[in-house]
Structure formats: structure tokens, C-alpha cells
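Chemist: Enclosed is the structure file protein_19.pdb (PDB, C-alpha atoms and all ligand atoms).
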ATOM      1  CA  MET A   1     177.662 -85.845 162.219
ATOM      2  CA  ARG A   2     174.245 -87.161 161.194
ATOM      3  CA  ASP A   3     172.830 -83.842 160.027
ATOM      4  CA  PHE A   4     176.027 -82.650 158.329
ATOM      5  CA  PRO A   5     175.227 -82.331 154.571
ATOM      6  CA  LYS A   6     177.084 -85.075 152.699
ATOM      7  CA  VAL A   7     177.898 -85.868 149.074
ATOM      8  CA  GLU A   8     178.417 -89.574 148.365
ATOM      9  CA  LEU A   9     179.972 -90.715 145.091
ATOM     10  CA  HIS A  10     180.314 -94.474 145.616
ATOM     11  CA  LEU A  11     177.244 -96.471 146.612
ATOM     12  CA  HIS A  12     176.211 -99.760 144.991
ATOM     13  CA  LEU A  13     172.408 -99.709 144.817
ATOM     14  CA  GLU A  14     172.095-103.506 145.132
ATOM     15  CA  GLY A  15     174.782-103.560 147.813
ATOM     16  CA  ALA A  16     172.790-101.074 149.856
ATOM     17  CA  ALA A  17     169.822-103.451 150.186
ATOM     18  CA  PRO A  18     169.096-104.067 153.874
ATOM     19  CA  PRO A  19     169.143-107.793 154.849
ATOM     20  CA  ALA A  20     165.472-107.662 155.917
ATOM     21  CA  PHE A  21     164.535-106.278 152.487
ATOM     22  CA  ILE A  22     166.339-109.136 150.716
ATOM     23  CA  ARG A  23     164.820-111.709 153.114
ATOM     24  CA  GLY A  24     161.381-110.287 152.304
ATOM     25  CA  LEU A  25     161.940-110.658 148.565
ATOM     26  CA  ALA A  26     163.273-114.216 149.018
ATOM     27  CA  ARG A  27     160.147-115.119 151.026
ATOM     28  CA  GLU A  28     157.827-113.625 148.381
ATOM     29  CA  LYS A  29     159.606-115.610 145.655
ATOM     30  CA  ASN A  30     160.102-118.820 147.625
ATOM     31  CA  MET A  31     163.856-118.631 147.183
ATOM     32  CA  ASP A  32     166.248-120.313 149.599
ATOM     33  CA  ILE A  33     169.148-117.935 150.245
ATOM     34  CA  SER A  34     169.820-119.023 153.836
ATOM     35  CA  GLY A  35     173.599-119.164 153.223
ATOM     36  CA  VAL A  36     173.606-115.396 152.809
ATOM     37  CA  PHE A  37     172.919-114.555 156.465
ATOM     38  CA  ASP A  38     174.458-115.279 159.870
ATOM     39  CA  GLU A  39     172.445-116.321 162.940
ATOM     40  CA  HIS A  40     171.643-112.664 163.678
ATOM     41  CA  GLY A  41     170.210-112.114 160.215
ATOM     42  CA  ASN A  42     173.163-110.043 158.996
ATOM     43  CA  TYR A  43     175.029-110.638 155.735
ATOM     44  CA  ALA A  44     177.820-113.144 156.429
ATOM     45  CA  PHE A  45     181.086-113.576 154.510
ATOM     46  CA  LYS A  46     184.634-114.723 155.255
ATOM     47  CA  ASP A  47     186.588-112.502 152.864
ATOM     48  CA  PHE A  48     186.198-110.336 149.746
ATOM     49  CA  TRP A  49     185.773-113.254 147.341
ATOM     50  CA  HIS A  50     183.140-114.840 149.561
ATOM     51  CA  PHE A  51     181.534-111.376 149.849
ATOM     52  CA  LEU A  52     181.169-111.302 146.037
ATOM     53  CA  LYS A  53     179.395-114.696 146.124
ATOM     54  CA  VAL A  54     177.074-113.670 148.966
ATOM     55  CA  TYR A  55     176.396-110.362 147.144
ATOM     56  CA  GLU A  56     175.401-112.255 144.005
ATOM     57  CA  ALA A  57     173.140-114.649 145.924
ATOM     58  CA  ALA A  58     171.460-111.809 147.837
ATOM     59  CA  THR A  59     170.893-109.681 144.731
ATOM     60  CA  SER A  60     169.486-112.671 142.804
ATOM     61  CA  THR A  61     166.226-111.921 144.670
ATOM     62  CA  LEU A  62     165.916-108.584 142.825
ATOM     63  CA  GLN A  63     163.946-109.726 139.795
ATOM     64  CA  THR A  64     161.398-107.125 138.767
ATOM     65  CA  ALA A  65     161.234-103.407 138.052
ATOM     66  CA  GLU A  66     158.952-103.141 141.094
ATOM     67  CA  ASP A  67     161.674-104.730 143.281
ATOM     68  CA  TYR A  68     164.119-102.056 142.111
ATOM     69  CA  HIS A  69     161.564 -99.313 142.667
ATOM     70  CA  ARG A  70     161.070-100.407 146.276
ATOM     71  CA  LEU A  71     164.813-100.878 146.800
ATOM     72  CA  THR A  72     165.636 -97.403 145.476
ATOM     73  CA  LEU A  73     163.049 -95.747 147.723
ATOM     74  CA  ALA A  74     164.325 -97.638 150.790
ATOM     75  CA  VAL A  75     167.990 -96.881 150.057
ATOM     76  CA  LEU A  76     167.454 -93.179 149.361
ATOM     77  CA  GLU A  77     165.292 -92.734 152.453
ATOM     78  CA  GLU A  78     168.089 -94.234 154.571
ATOM     79  CA  SER A  79     170.785 -92.119 152.866
ATOM     80  CA  ALA A  80     168.753 -88.937 153.355
ATOM     81  CA  ALA A  81     168.337 -89.823 157.047
ATOM     82  CA  HIS A  82     172.129 -89.699 157.298
ATOM     83  CA  GLY A  83     172.400 -86.233 155.802
ATOM     84  CA  VAL A  84     173.225 -87.300 152.229
ATOM     85  CA  ILE A  85     172.065 -84.563 149.827
ATOM     86  CA  TYR A  86     173.539 -86.069 146.639
ATOM     87  CA  THR A  87     174.330 -89.704 145.920
ATOM     88  CA  GLU A  88     175.859 -91.353 142.909
ATOM     89  CA  SER A  89     174.793 -94.926 142.690
ATOM     90  CA  PHE A  90     176.340 -97.833 140.829
ATOM     91  CA  LEU A  91     173.709 -99.821 138.925
ATOM     92  CA  SER A  92     174.663-103.185 137.476
ATOM     93  CA  PRO A  93     172.615-104.487 134.539
ATOM     94  CA  ASP A  94     174.321-107.830 135.283
ATOM     95  CA  PHE A  95     171.993-108.015 138.268
ATOM     96  CA  CYS A  96     169.055-105.998 136.937
ATOM     97  CA  GLY A  97     167.826-107.078 133.546
ATOM     98  CA  GLY A  98     170.702-109.394 132.748
ATOM     99  CA  ARG A  99     172.281-106.990 130.219
ATOM    100  CA  ASP A 100     169.251-107.126 127.912
ATOM    101  CA  VAL A 101     168.762-103.518 126.765
ATOM    102  CA  GLY A 102     164.948-103.774 126.717
ATOM    103  CA  ALA A 103     164.707-105.208 130.224
ATOM    104  CA  TRP A 104     167.380-102.805 131.440
ATOM    105  CA  ARG A 105     165.340 -99.817 130.203
ATOM    106  CA  GLU A 106     162.401-101.042 132.279
ATOM    107  CA  TYR A 107     164.527-101.415 135.424
ATOM    108  CA  LEU A 108     166.182 -98.068 134.929
ATOM    109  CA  HIS A 109     162.817 -96.395 134.455
ATOM    110  CA  ALA A 110     161.679 -97.836 137.802
ATOM    111  CA  ILE A 111     164.883 -96.734 139.561
ATOM    112  CA  ARG A 112     164.650 -93.238 138.146
ATOM    113  CA  ASP A 113     160.972 -92.928 139.003
ATOM    114  CA  ALA A 114     161.758 -93.879 142.616
ATOM    115  CA  ALA A 115     164.695 -91.424 142.642
ATOM    116  CA  ASP A 116     162.432 -88.588 141.468
ATOM    117  CA  GLN A 117     159.945 -89.529 144.189
ATOM    118  CA  ALA A 118     162.699 -89.548 146.850
ATOM    119  CA  GLU A 119     163.999 -86.168 145.663
ATOM    120  CA  LYS A 120     160.525 -84.701 146.120
ATOM    121  CA  SER A 121     159.935 -86.228 149.544
ATOM    122  CA  HIS A 122     163.451 -86.177 151.069
ATOM    123  CA  GLY A 123     165.355 -83.635 148.969
ATOM    124  CA  ILE A 124     168.083 -86.171 148.083
ATOM    125  CA  ILE A 125     169.455 -86.037 144.518
ATOM    126  CA  MET A 126     170.573 -89.281 142.840
ATOM    127  CA  ARG A 127     172.459 -89.928 139.616
ATOM    128  CA  GLY A 128     173.176 -93.349 138.110
ATOM    129  CA  VAL A 129     176.474 -94.899 137.038
ATOM    130  CA  VAL A 130     176.169 -98.153 135.068
ATOM    131  CA  THR A 131     178.749-100.607 136.311
ATOM    132  CA  CYS A 132     180.132-103.673 134.605
ATOM    133  CA  ILE A 133     181.519-106.544 136.657
ATOM    134  CA  ARG A 134     185.180-107.342 136.093
ATOM    135  CA  HIS A 135     185.096-111.052 136.912
ATOM    136  CA  PHE A 136     182.211-111.605 134.463
ATOM    137  CA  GLY A 137     184.708-110.764 131.702
ATOM    138  CA  PRO A 138     185.122-108.278 128.809
ATOM    139  CA  GLU A 139     182.416-109.737 126.541
ATOM    140  CA  LYS A 140     179.685-109.291 129.153
ATOM    141  CA  ALA A 141     181.093-105.829 129.899
ATOM    142  CA  LYS A 142     180.476-104.855 126.251
ATOM    143  CA  GLU A 143     176.785-105.750 126.621
ATOM    144  CA  THR A 144     176.693-103.729 129.846
ATOM    145  CA  ALA A 145     178.339-100.769 128.103
ATOM    146  CA  LEU A 146     175.706-101.022 125.363
ATOM    147  CA  CYS A 147     172.974-100.805 128.035
ATOM    148  CA  ALA A 148     174.754 -97.745 129.435
ATOM    149  CA  ALA A 149     175.236 -96.087 126.038
ATOM    150  CA  GLU A 150     171.597 -96.683 125.069
ATOM    151  CA  THR A 151     170.301 -95.003 128.226
ATOM    152  CA  ALA A 152     172.920 -92.261 128.731
ATOM    153  CA  GLY A 153     171.432 -88.882 129.544
ATOM    154  CA  ASP A 154     170.915 -86.265 132.189
ATOM    155  CA  TRP A 155     170.234 -88.856 134.901
ATOM    156  CA  LEU A 156     172.298 -91.845 133.808
ATOM    157  CA  THR A 157     175.591 -90.008 133.684
ATOM    158  CA  GLY A 158     178.458 -92.424 134.256
ATOM    159  CA  PHE A 159     180.025 -95.789 133.505
ATOM    160  CA  GLY A 160     182.316 -97.842 135.709
ATOM    161  CA  ILE A 161     183.662-101.243 136.608
ATOM    162  CA  ALA A 162     183.435-103.126 139.917
ATOM    163  CA  GLY A 163     183.977-106.742 140.968
ATOM    164  CA  ASP A 164     187.143-108.758 141.425
ATOM    165  CA  GLU A 165     190.100-106.496 140.658
ATOM    166  CA  THR A 166     192.428-109.492 140.546
ATOM    167  CA  ALA A 167     190.564-110.835 137.465
ATOM    168  CA  GLY A 168     191.885-109.699 134.077
ATOM    169  CA  LYS A 169     193.431-106.338 133.232
ATOM    170  CA  PRO A 170     191.866-102.891 132.728
ATOM    171  CA  LYS A 171     192.879-102.847 129.047
ATOM    172  CA  ASP A 172     190.638-105.891 128.452
ATOM    173  CA  PHE A 173     187.745-103.506 129.118
ATOM    174  CA  ALA A 174     188.986-100.546 127.054
ATOM    175  CA  TYR A 175     186.447-101.193 124.266
ATOM    176  CA  SER A 176     183.556-100.882 126.715
ATOM    177  CA  PHE A 177     184.948 -97.709 128.251
ATOM    178  CA  ASP A 178     185.462 -96.213 124.776
ATOM    179  CA  MET A 179     181.836 -96.986 123.918
ATOM    180  CA  ALA A 180     180.647 -95.351 127.148
ATOM    181  CA  ARG A 181     182.851 -92.286 126.609
ATOM    182  CA  GLU A 182     181.513 -91.862 123.077
ATOM    183  CA  ALA A 183     177.988 -91.944 124.492
ATOM    184  CA  GLY A 184     178.905 -88.952 126.662
ATOM    185  CA  LEU A 185     179.258 -90.865 129.931
ATOM    186  CA  ARG A 186     181.786 -89.879 132.606
ATOM    187  CA  LEU A 187     184.111 -92.659 133.738
ATOM    188  CA  THR A 188     185.265 -94.264 136.991
ATOM    189  CA  ALA A 189     186.861 -97.632 137.824
ATOM    190  CA  HIS A 190     187.339 -99.681 140.982
ATOM    191  CA  ALA A 191     191.123-100.011 141.377
ATOM    192  CA  GLY A 192     193.702 -99.934 144.137
ATOM    193  CA  GLU A 193     191.464-101.926 146.492
ATOM    194  CA  TRP A 194     192.716-105.492 145.861
ATOM    195  CA  GLY A 195     195.352-104.476 143.338
ATOM    196  CA  GLY A 196     198.388-102.327 144.115
ATOM    197  CA  PRO A 197     199.531 -99.002 142.626
ATOM    198  CA  GLN A 198     200.037-100.494 139.134
ATOM    199  CA  SER A 199     196.359-101.412 139.008
ATOM    200  CA  VAL A 200     195.480 -97.722 139.488
ATOM    201  CA  ARG A 201     198.030 -96.647 136.855
ATOM    202  CA  ASP A 202     196.497 -99.147 134.405
ATOM    203  CA  ALA A 203     192.944 -97.946 135.083
ATOM    204  CA  LEU A 204     193.982 -94.326 134.476
ATOM    205  CA  ASN A 205     196.091 -95.036 131.384
ATOM    206  CA  ASP A 206     194.106 -97.834 129.709
ATOM    207  CA  LEU A 207     190.541 -96.786 130.533
ATOM    208  CA  GLY A 208     190.938 -93.009 130.694
ATOM    209  CA  VAL A 209     188.858 -92.721 133.868
ATOM    210  CA  GLU A 210     188.686 -89.435 135.746
ATOM    211  CA  ARG A 211     187.876 -90.974 139.143
ATOM    212  CA  ILE A 212     189.058 -94.099 140.922
ATOM    213  CA  GLY A 213     186.838 -96.248 143.159
ATOM    214  CA  HIS A 214     188.858 -96.835 146.360
ATOM    215  CA  GLY A 215     192.380 -96.200 145.008
ATOM    216  CA  VAL A 216     193.775 -96.348 148.518
ATOM    217  CA  ARG A 217     196.603 -98.775 147.686
ATOM    218  CA  VAL A 218     198.374 -95.920 145.844
ATOM    219  CA  ALA A 219     199.621 -95.143 149.361
ATOM    220  CA  GLU A 220     202.254 -97.847 148.706
ATOM    221  CA  ASP A 221     203.850 -95.685 145.991
ATOM    222  CA  PRO A 222     204.833 -92.136 147.048
ATOM    223  CA  ALA A 223     205.541 -91.071 143.440
ATOM    224  CA  LEU A 224     202.028 -92.098 142.387
ATOM    225  CA  VAL A 225     200.526 -90.286 145.385
ATOM    226  CA  GLU A 226     202.280 -87.131 144.221
ATOM    227  CA  GLU A 227     201.149 -87.671 140.623
ATOM    228  CA  LEU A 228     197.503 -88.138 141.645
ATOM    229  CA  ALA A 229     197.612 -84.968 143.745
ATOM    230  CA  GLU A 230     199.117 -83.040 140.843
ATOM    231  CA  LYS A 231     196.650 -84.397 138.271
ATOM    232  CA  GLU A 232     193.727 -83.903 140.681
ATOM    233  CA  VAL A 233     192.484 -87.469 140.256
ATOM    234  CA  VAL A 234     189.557 -87.971 142.626
ATOM    235  CA  LEU A 235     189.456 -91.061 144.852
ATOM    236  CA  GLU A 236     186.112 -92.475 146.011
ATOM    237  CA  VAL A 237     187.407 -93.739 149.347
ATOM    238  CA  CYS A 238     185.270 -96.126 151.410
ATOM    239  CA  PRO A 239     187.200 -96.557 154.672
ATOM    240  CA  GLY A 240     184.593 -98.648 156.542
ATOM    241  CA  SER A 241     184.393-101.045 153.585
ATOM    242  CA  ASN A 242     188.201-101.369 153.478
ATOM    243  CA  VAL A 243     188.396-102.161 157.200
ATOM    244  CA  ALA A 244     185.419-104.573 157.106
ATOM    245  CA  LEU A 245     186.918-106.487 154.154
ATOM    246  CA  GLY A 246     190.407-106.526 155.672
ATOM    247  CA  VAL A 247     192.257-104.291 153.200
ATOM    248  CA  TYR A 248     193.454-102.581 156.413
ATOM    249  CA  PRO A 249     193.370-104.097 159.908
ATOM    250  CA  ASN A 250     191.797-101.028 161.565
ATOM    251  CA  TRP A 251     190.893 -97.358 161.041
ATOM    252  CA  ARG A 252     194.252 -96.120 162.344
ATOM    253  CA  ALA A 253     196.034 -98.074 159.606
ATOM    254  CA  HIS A 254     193.850 -96.568 156.842
ATOM    255  CA  PRO A 255     195.781 -94.196 154.521
ATOM    256  CA  ILE A 256     192.976 -91.661 153.913
ATOM    257  CA  GLY A 257     194.498 -89.237 156.444
ATOM    258  CA  MET A 258     197.918 -89.382 154.784
ATOM    259  CA  LEU A 259     196.426 -89.063 151.269
ATOM    260  CA  PHE A 260     194.422 -86.002 152.304
ATOM    261  CA  ASP A 261     197.515 -84.444 153.913
ATOM    262  CA  LYS A 262     199.477 -85.039 150.679
ATOM    263  CA  GLY A 263     196.858 -83.120 148.699
ATOM    264  CA  VAL A 264     195.141 -86.063 146.981
ATOM    265  CA  LYS A 265     191.490 -85.304 146.192
ATOM    266  CA  VAL A 266     189.807 -87.802 148.503
ATOM    267  CA  THR A 267     186.064 -88.200 149.088
ATOM    268  CA  VAL A 268     184.145 -90.444 151.511
ATOM    269  CA  SER A 269     181.526 -93.091 150.700
ATOM    270  CA  THR A 270     180.007 -96.267 152.165
ATOM    271  CA  ASP A 271     180.231 -98.739 149.205
ATOM    272  CA  ASP A 272     177.711-101.356 150.465
ATOM    273  CA  PRO A 273     176.576-100.044 153.862
ATOM    274  CA  PRO A 274     174.565-102.986 155.322
ATOM    275  CA  PHE A 275     177.259-105.474 154.335
ATOM    276  CA  PHE A 276     179.870-103.461 156.236
ATOM    277  CA  HIS A 277     177.664-102.329 159.132
ATOM    278  CA  THR A 278     178.225 -98.710 158.264
ATOM    279  CA  THR A 279     176.374 -95.514 157.333
ATOM    280  CA  MET A 280     177.643 -92.131 156.127
ATOM    281  CA  THR A 281     177.227 -90.878 159.705
ATOM    282  CA  ASP A 282     179.398 -93.756 160.989
ATOM    283  CA  GLU A 283     182.076 -93.019 158.371
ATOM    284  CA  TYR A 284     182.242 -89.349 159.385
ATOM    285  CA  ASP A 285     182.237 -90.168 163.105
ATOM    286  CA  ARG A 286     185.072 -92.696 162.730
ATOM    287  CA  LEU A 287     187.121 -90.317 160.569
ATOM    288  CA  SER A 288     186.617 -87.531 163.061
ATOM    289  CA  ASP A 289     187.687 -89.813 165.961
ATOM    290  CA  THR A 290     190.646 -91.358 164.112
ATOM    291  CA  PHE A 291     192.148 -88.358 162.311
ATOM    292  CA  ASP A 292     190.777 -85.550 164.447
ATOM    293  CA  TRP A 293     189.008 -84.101 161.396
ATOM    294  CA  ASP A 294     186.680 -81.185 162.053
ATOM    295  CA  ASP A 295     183.740 -79.733 160.110
ATOM    296  CA  GLY A 296     186.174 -77.698 157.983
ATOM    297  CA  VAL A 297     187.833 -80.875 156.671
ATOM    298  CA  PHE A 298     184.477 -82.500 155.965
ATOM    299  CA  LYS A 299     183.321 -79.362 154.123
ATOM    300  CA  THR A 300     186.478 -79.557 151.974
ATOM    301  CA  LEU A 301     185.835 -83.257 151.208
ATOM    302  CA  ASN A 302     182.245 -82.511 150.214
ATOM    303  CA  THR A 303     183.316 -79.663 147.935
ATOM    304  CA  ILE A 304     185.777 -82.037 146.257
ATOM    305  CA  ALA A 305     182.990 -84.606 145.852
ATOM    306  CA  ALA A 306     180.470 -82.089 144.500
ATOM    307  CA  ASN A 307     183.003 -80.816 141.962
ATOM    308  CA  ALA A 308     183.773 -84.392 140.862
ATOM    309  CA  ALA A 309     180.122 -85.461 140.660
ATOM    310  CA  PHE A 310     178.892 -86.742 137.319
ATOM    311  CA  CYS A 311     176.048 -84.222 137.064
ATOM    312  CA  ASP A 312     175.255 -81.036 135.158
ATOM    313  CA  GLU A 313     176.313 -77.628 136.432
ATOM    314  CA  LYS A 314     172.838 -76.636 137.620
ATOM    315  CA  THR A 315     172.624 -79.725 139.810
ATOM    316  CA  ARG A 316     176.170 -79.148 141.071
ATOM    317  CA  ALA A 317     175.293 -75.586 142.052
ATOM    318  CA  ASN A 318     172.434 -76.975 144.174
ATOM    319  CA  VAL A 319     174.805 -79.346 145.952
ATOM    320  CA  LEU A 320     177.755 -77.007 146.530
TER     321      LEU A 320
HETATM  322  N1  LIG B 401     181.001-104.505 144.357
HETATM  323  C1  LIG B 401     180.371-104.127 145.469
HETATM  324  N2  LIG B 401     181.265-103.759 146.410
HETATM  325  C2  LIG B 401     182.496-103.898 145.857
HETATM  326  C3  LIG B 401     183.823-103.674 146.295
HETATM  327  N3  LIG B 401     184.101-103.203 147.518
HETATM  328  N4  LIG B 401     184.831-103.957 145.444
HETATM  329  C4  LIG B 401     184.582-104.408 144.228
HETATM  330  N5  LIG B 401     183.356-104.629 143.753
HETATM  331  C5  LIG B 401     182.310-104.369 144.555
HETATM  332 ZN    ZN B 402     182.478-100.313 145.252
END
What's the C-alpha cells form of this structure?
Modeler:
Amino acid sequence: MRDFPKVELHLHLEGAAPPAFIRGLAREKNMDISGVFDEHGNYAFKDFWHFLKVYEAATSTLQTAEDYHRLTLAVLEESAAHGVIYTESFLSPDFCGGRDVGAWREYLHAIRDAADQAEKSHGIIMRGVVTCIRHFGPEKAKETALCAAETAGDWLTGFGIAGDETAGKPKDFAYSFDMAREAGLRLTAHAGEWGGPQSVRDALNDLGVERIGHGVRVAEDPALVEELAEKEVVLEVCPGSNVALGVYPNWRAHPIGMLFDKGVKVTVSTDDPPFFHTTMTDEYDRLSDTFDWDDGVFKTLNTIAANAAFCDEKTRANVL
């Protein structure tokens, strides 16, 4: 499936940093982040909450606009090598620029410059989605939303929320989502990964998002599955991430096949590929093996993703 053209809607830029890249930055900056890796040099974590800590420690090495420029080039080169033609990437000012609008502008400029370079050399199109971090709380999210609103445009096109879904409630973040919406940004929220169906209902009702990051736990509520299919809510499903973090014990147990069969608009993404030992090619191969999906199904999923992408119509036409 490597060469199959793919549209990815859910990739955390910092979470896509290869371990060797992060080790290199730590060495350059004399930082001790040894707890981040196992004896083979891979990212090591026990569960989702430990993953969040390791993620924070690893990304603490990203400290300059130049670091983000290099990271963006490396990530987009790898995505393009796996057939990705369009990628929507979550960017967290909490990690880059510390929510200071001035510093954030500098980081964003570097990321966008690298994205333009990658589009020229590898043909991959990237758009940015500013993402606040739920467990950092609503006040910090407001500063993040301000960063997003101040830089909204044709490239920075969305706003979202990631982090620990068990912390707080979506409505605590409604102010930030309102600010982003008023700035013209399209909206998505991580929900239905560590929270059940109600968490997805709350994200839809209280934040007014049009897409849900993960959303797979709606499978526990047949009425909600039907409602999502009817309302054409798009799910950014990351099966390899869900299996690696233990949301489901194995690929067979993953509900993406059932959700697709019920008419829910599912798409496929990697989330944080090096953390979960996955790539877009791996995701497609595993889905094909597990659910017997053929190229026709993958074409359908990519059309859904392209139509749900937070980009302008001209860009969409290039991707479809
Ligand atoms: N940030 C990076 N990966 C995440 C995930 N799978 N869930 C929530 N927040 C995240
Ligand atoms: Zn995610």
C-alpha cells in the first residue's frame, strides 16, 4: 500500500519526531532525557498517561524555530515516502513558543517555510491545526486560542484540543473554541478515545466541532453511531495508536470496520507514528489484512478525508 495516495487528517507534528531526531537535539542542548527511551532507543511508556509525560519530555528538546524547521522537513519527507499527498498537522504552541504570540509567530513561520519547501520537493501538501492541551486547563487554552486566532489564514486553518480526555469537560474550553471559530478556523476535538460516547456528545454539543479526533468509543452506543452517520460527522481514526495505547487489545477488536459498515464517515491517520511504531503504509496494510478492505474502500476513505480537510476548495480539488 506504500504508493497508494493517502490523505491524513490527524498527525501531531511533535509526536511525529523520530527518536533519533529528539536524541540529536538533546545532545546538542546537553539535556538529559534518558527516561524517554528504552534500551533499543525507542520511545518507552507504560500507558497513555505515561505516554503524555514521555511526550512532554521528548518535545521539551524542541526549543528554536530552526528545530521546528528541521522537524517539519523530516516529518513531511517521511509522510511523502508513505504515499501521503495531504497532511493536516496538529501544532501545539504549548510546546512551541510557550503560548507567547510573538514567539509562536516565529515558530509557525519556520514550520510553514519548511512545509512550502517539502511541497516543492516532495509534492506533499500540509495545513496546520493549532491544538490546545486539555490537561493544561482552560486558561492556558485561551492563550493557545489567541495564538491560533492571531495567525489564522490560508495555511493555519484549524483549531483543536488534544491531551488527557479524562481531565475537565469540553464546555470548560468553549470560550477558546468560540474565539477560534470567530477567527474563521475550522474545529476538531480529541474525544471518544479515553472517554466514552458522552464525551463525544459533549464535544459536538459544547464545542461545535465538525470533526472528532478518534471518536471510536461511540461504538459503545448504537444510537450515537446512527446519529453520527446521519449527521456526517467525520472521525479521524488512528487504529494503530488505539491498539498501541491499549484502547483495544488488538486490530480485530477495533471498531473501525463496524463504523464504516454503519455508514460513519471514518478516515485513517497515524497520530504519533514513531511512538506507536506505525506509518500510513502500516495502517493501510493492517486494515487490509484485518477487514479485507480493498483499494475501493481506501479510495472511499480518502475521498471522505479530502472532503473533510480544513483547506480551500482549490487545494481540495488537487487532493481529490
Ligand atoms: N497527543 C498526542 N497524541 C495524543 C493522543 N493519542 N490522545 C490525546 N492527546 C494526544
Ligand atoms: Zn491525536
Chemist: Using atom CA of A:Thr144 and atom CA of A:Cys96 as the two end points, give the distance in Å to one decimal.
Modeler: 10.7 Å
Chemist: Counting only C-alpha atoms and all ligand atoms, which protein, DNA or RNA residues come within 9 Å of ligand ZN 402 (chain B), given as a list in words?
Modeler: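 The neighbouring residues of ligand ZN 402 (chain B) are, in order, His10, Leu11, His12, Gly15, Phe90, Ile161, Ala162, Gly163, His190, Gly213, His214, Glu236, Cys238, Ser241, Thr270, Asp271 and Asp272 of chain A.
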Chemist: Under the rule that all atoms listed in the file are counted, which of A:Val234, A:Leu228, A:Val243, A:Ala114 is the nearest residue to ligand LIG 401 (chain B)?
Modeler: A:Val243
Chemist: For atom CA of A:Phe276 and atom CA of A:Ile22, determine how far apart the two atoms are, in Å to one decimal place.
Modeler: 15.7 Å
Chemist: Between A:Glu165, A:Glu66, A:Asp113, A:Asp172, which residue has the minimum interatomic distance to ligand LIG 401 (chain B), considering only C-alpha atoms and all ligand atoms?
Modeler: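 Smallest separation from ligand LIG 401 (chain B) among the options: A:Glu165.
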Chemist: Using all atoms listed in the file, find all polymer residues with an atom at most 8 Å away from the point (180.4, -87.1, 143.0); report them as a list in words.
Modeler: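 Using all atoms listed in the file, the matching residues come out as Val7, Glu8, Leu9, His10, Tyr86, Thr87, Glu88, Ala305, Ala306, Asn307, Ala308, Ala309, Phe310 and Cys311 of chain A.
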Chemist: Write out as a PDB file with C-alpha atoms, in the frame of the given file which residues come within 9 Å of A:Arg105 when counting all atoms listed in the file, dropping same-chain ones fewer than 6 positions away.
Modeler:
ATOM      1  CA  GLY A  97     167.826-107.078 133.546  1.00  0.00           C
ATOM      2  CA  CYS A 147     172.974-100.805 128.035  1.00  0.00           C
ATOM      3  CA  GLU A 150     171.597 -96.683 125.069  1.00  0.00           C
ATOM      4  CA  THR A 151     170.301 -95.003 128.226  1.00  0.00           C
TER       5      THR A 151
END
Chemist: Give the answer as one residue: which of A:Leu13, A:Leu108, A:Val297, A:Met126 has the shortest atom-to-atom distance to A:Val319, using only C-alpha atoms?
Modeler: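 Closest to A:Val319 of all the choices is A:Met126.
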Chemist: Starting from 4 Å padding per side, set up an axis-aligned box that covers all listed atoms of stretch 102-121 of chain A and hand over centre and edge lengths in Å, one decimal, as lines of an AutoDock Vina configuration file.
Modeler:
center_x = 163.7
center_y = -95.0
center_z = 138.1
size_x = 15.4
size_y = 28.5
size_z = 30.8
Chemist: Which residue out of A:Pro18, A:Pro138, A:Gly246, A:Gly184 has the minimum interatomic distance to A:Ala74 when all atoms listed in the file are used?
Modeler: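 The answer is A:Pro18, which sits nearest to A:Ala74.
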Chemist: Nearest residue to A:Gly192 out of A:Arg286, A:Lys29, A:Arg211, A:Arg217, using all atoms listed in the file?
Modeler: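 Using all atoms listed in the file, the shortest distance to A:Gly192 belongs to A:Arg217.
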Chemist: Please return, as number ranges by chain, all polymer residues that have at least one atom within 12 Å of the point (177.8, -104.7, 157.0); use only C-alpha atoms and the file's own coordinate frame.
Modeler: A: 15-19, 37-38, 41-45, 51, 55, 240-245, 270-279, 282
Chemist: Translate the PyMOL selection byres (((chain A and resi 263) around 10) and not hetatm), as applied to the file shown, into an explicit residue set as a list in words.
Modeler: Val225, Glu226, Leu228, Ala229, Glu230, Glu232, Met258, Leu259, Phe260, Asp261, Lys262, Val264, Lys265 and Val266 of chain A
Chemist: One decimal, in Å: what's the spacing between atom CA of A:His135 and atom CA of A:Ala253?
Modeler: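 Atom CA of A:Ala253 lies 28.3 Å from atom CA of A:His135.
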Chemist: Here is a test: counting all atoms listed in the file, which residue of A:Trp104, A:Trp194, A:Phe159, A:Tyr175 is nearest to ligand LIG 401 (chain B)?
Modeler: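 Selected residue with least distance to ligand LIG 401 (chain B): A:Trp194.
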Chemist: On this file, the PyMOL selection byres (((chain A and resi 4) around 9) and not hetatm) gives some set of residues; write that set as a list in words.
Modeler: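 On the file shown, the PyMOL selection byres (((chain A and resi 4) around 9) and not hetatm) covers Met1, Arg2, Asp3, Pro5, Lys6, His82, Gly83, Val84, Thr281, Asp295 and Phe298 of chain A.
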Chemist: Env of A:Leu287: 9 Å cut, atoms = only C-alpha atoms, seq-sep filter 4 positions within chain, self excluded. Answer as an MDAnalysis selection string.
Modeler: chainID A and resid 239 251 256:257 282:283 291:293
Chemist: Mind dumping the selected residues with C-alpha atoms as an mmCIF file, in the frame of the given file?
Modeler:
data_model
loop_
_atom_site.group_PDB
_atom_site.id
_atom_site.type_symbol
_atom_site.label_atom_id
_atom_site.label_comp_id
_atom_site.auth_asym_id
_atom_site.auth_seq_id
_atom_site.Cartn_x
_atom_site.Cartn_y
_atom_site.Cartn_z
ATOM 1 C CA PRO A 239 187.200 -96.557 154.672
ATOM 2 C CA TRP A 251 190.893 -97.358 161.041
ATOM 3 C CA ILE A 256 192.976 -91.661 153.913
ATOM 4 C CA GLY A 257 194.498 -89.237 156.444
ATOM 5 C CA ASP A 282 179.398 -93.756 160.989
ATOM 6 C CA GLU A 283 182.076 -93.019 158.371
ATOM 7 C CA PHE A 291 192.148 -88.358 162.311
ATOM 8 C CA ASP A 292 190.777 -85.550 164.447
ATOM 9 C CA TRP A 293 189.008 -84.101 161.396
#
Chemist: Evaluate the PyMOL selection byres (((chain A and resi 132) around 7) and not hetatm) and record the selected residues as a PyMOL selection string, following the chain and residue labels used in the document.
Modeler: chain A and resi 92+130-131+133-134+141+144+160-162
Chemist: So which residues touch A:Asp178 within 10 Å, counting all atoms listed in the file, skipping near sequence neighbours fewer than 3 positions away, as a list in words?
Modeler: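 The residues that qualify are Ala145, Phe173, Ala174, Tyr175, Arg181, Glu182, Ala183, Gly184, Leu185, Leu187, Leu207 and Gly208 of chain A.
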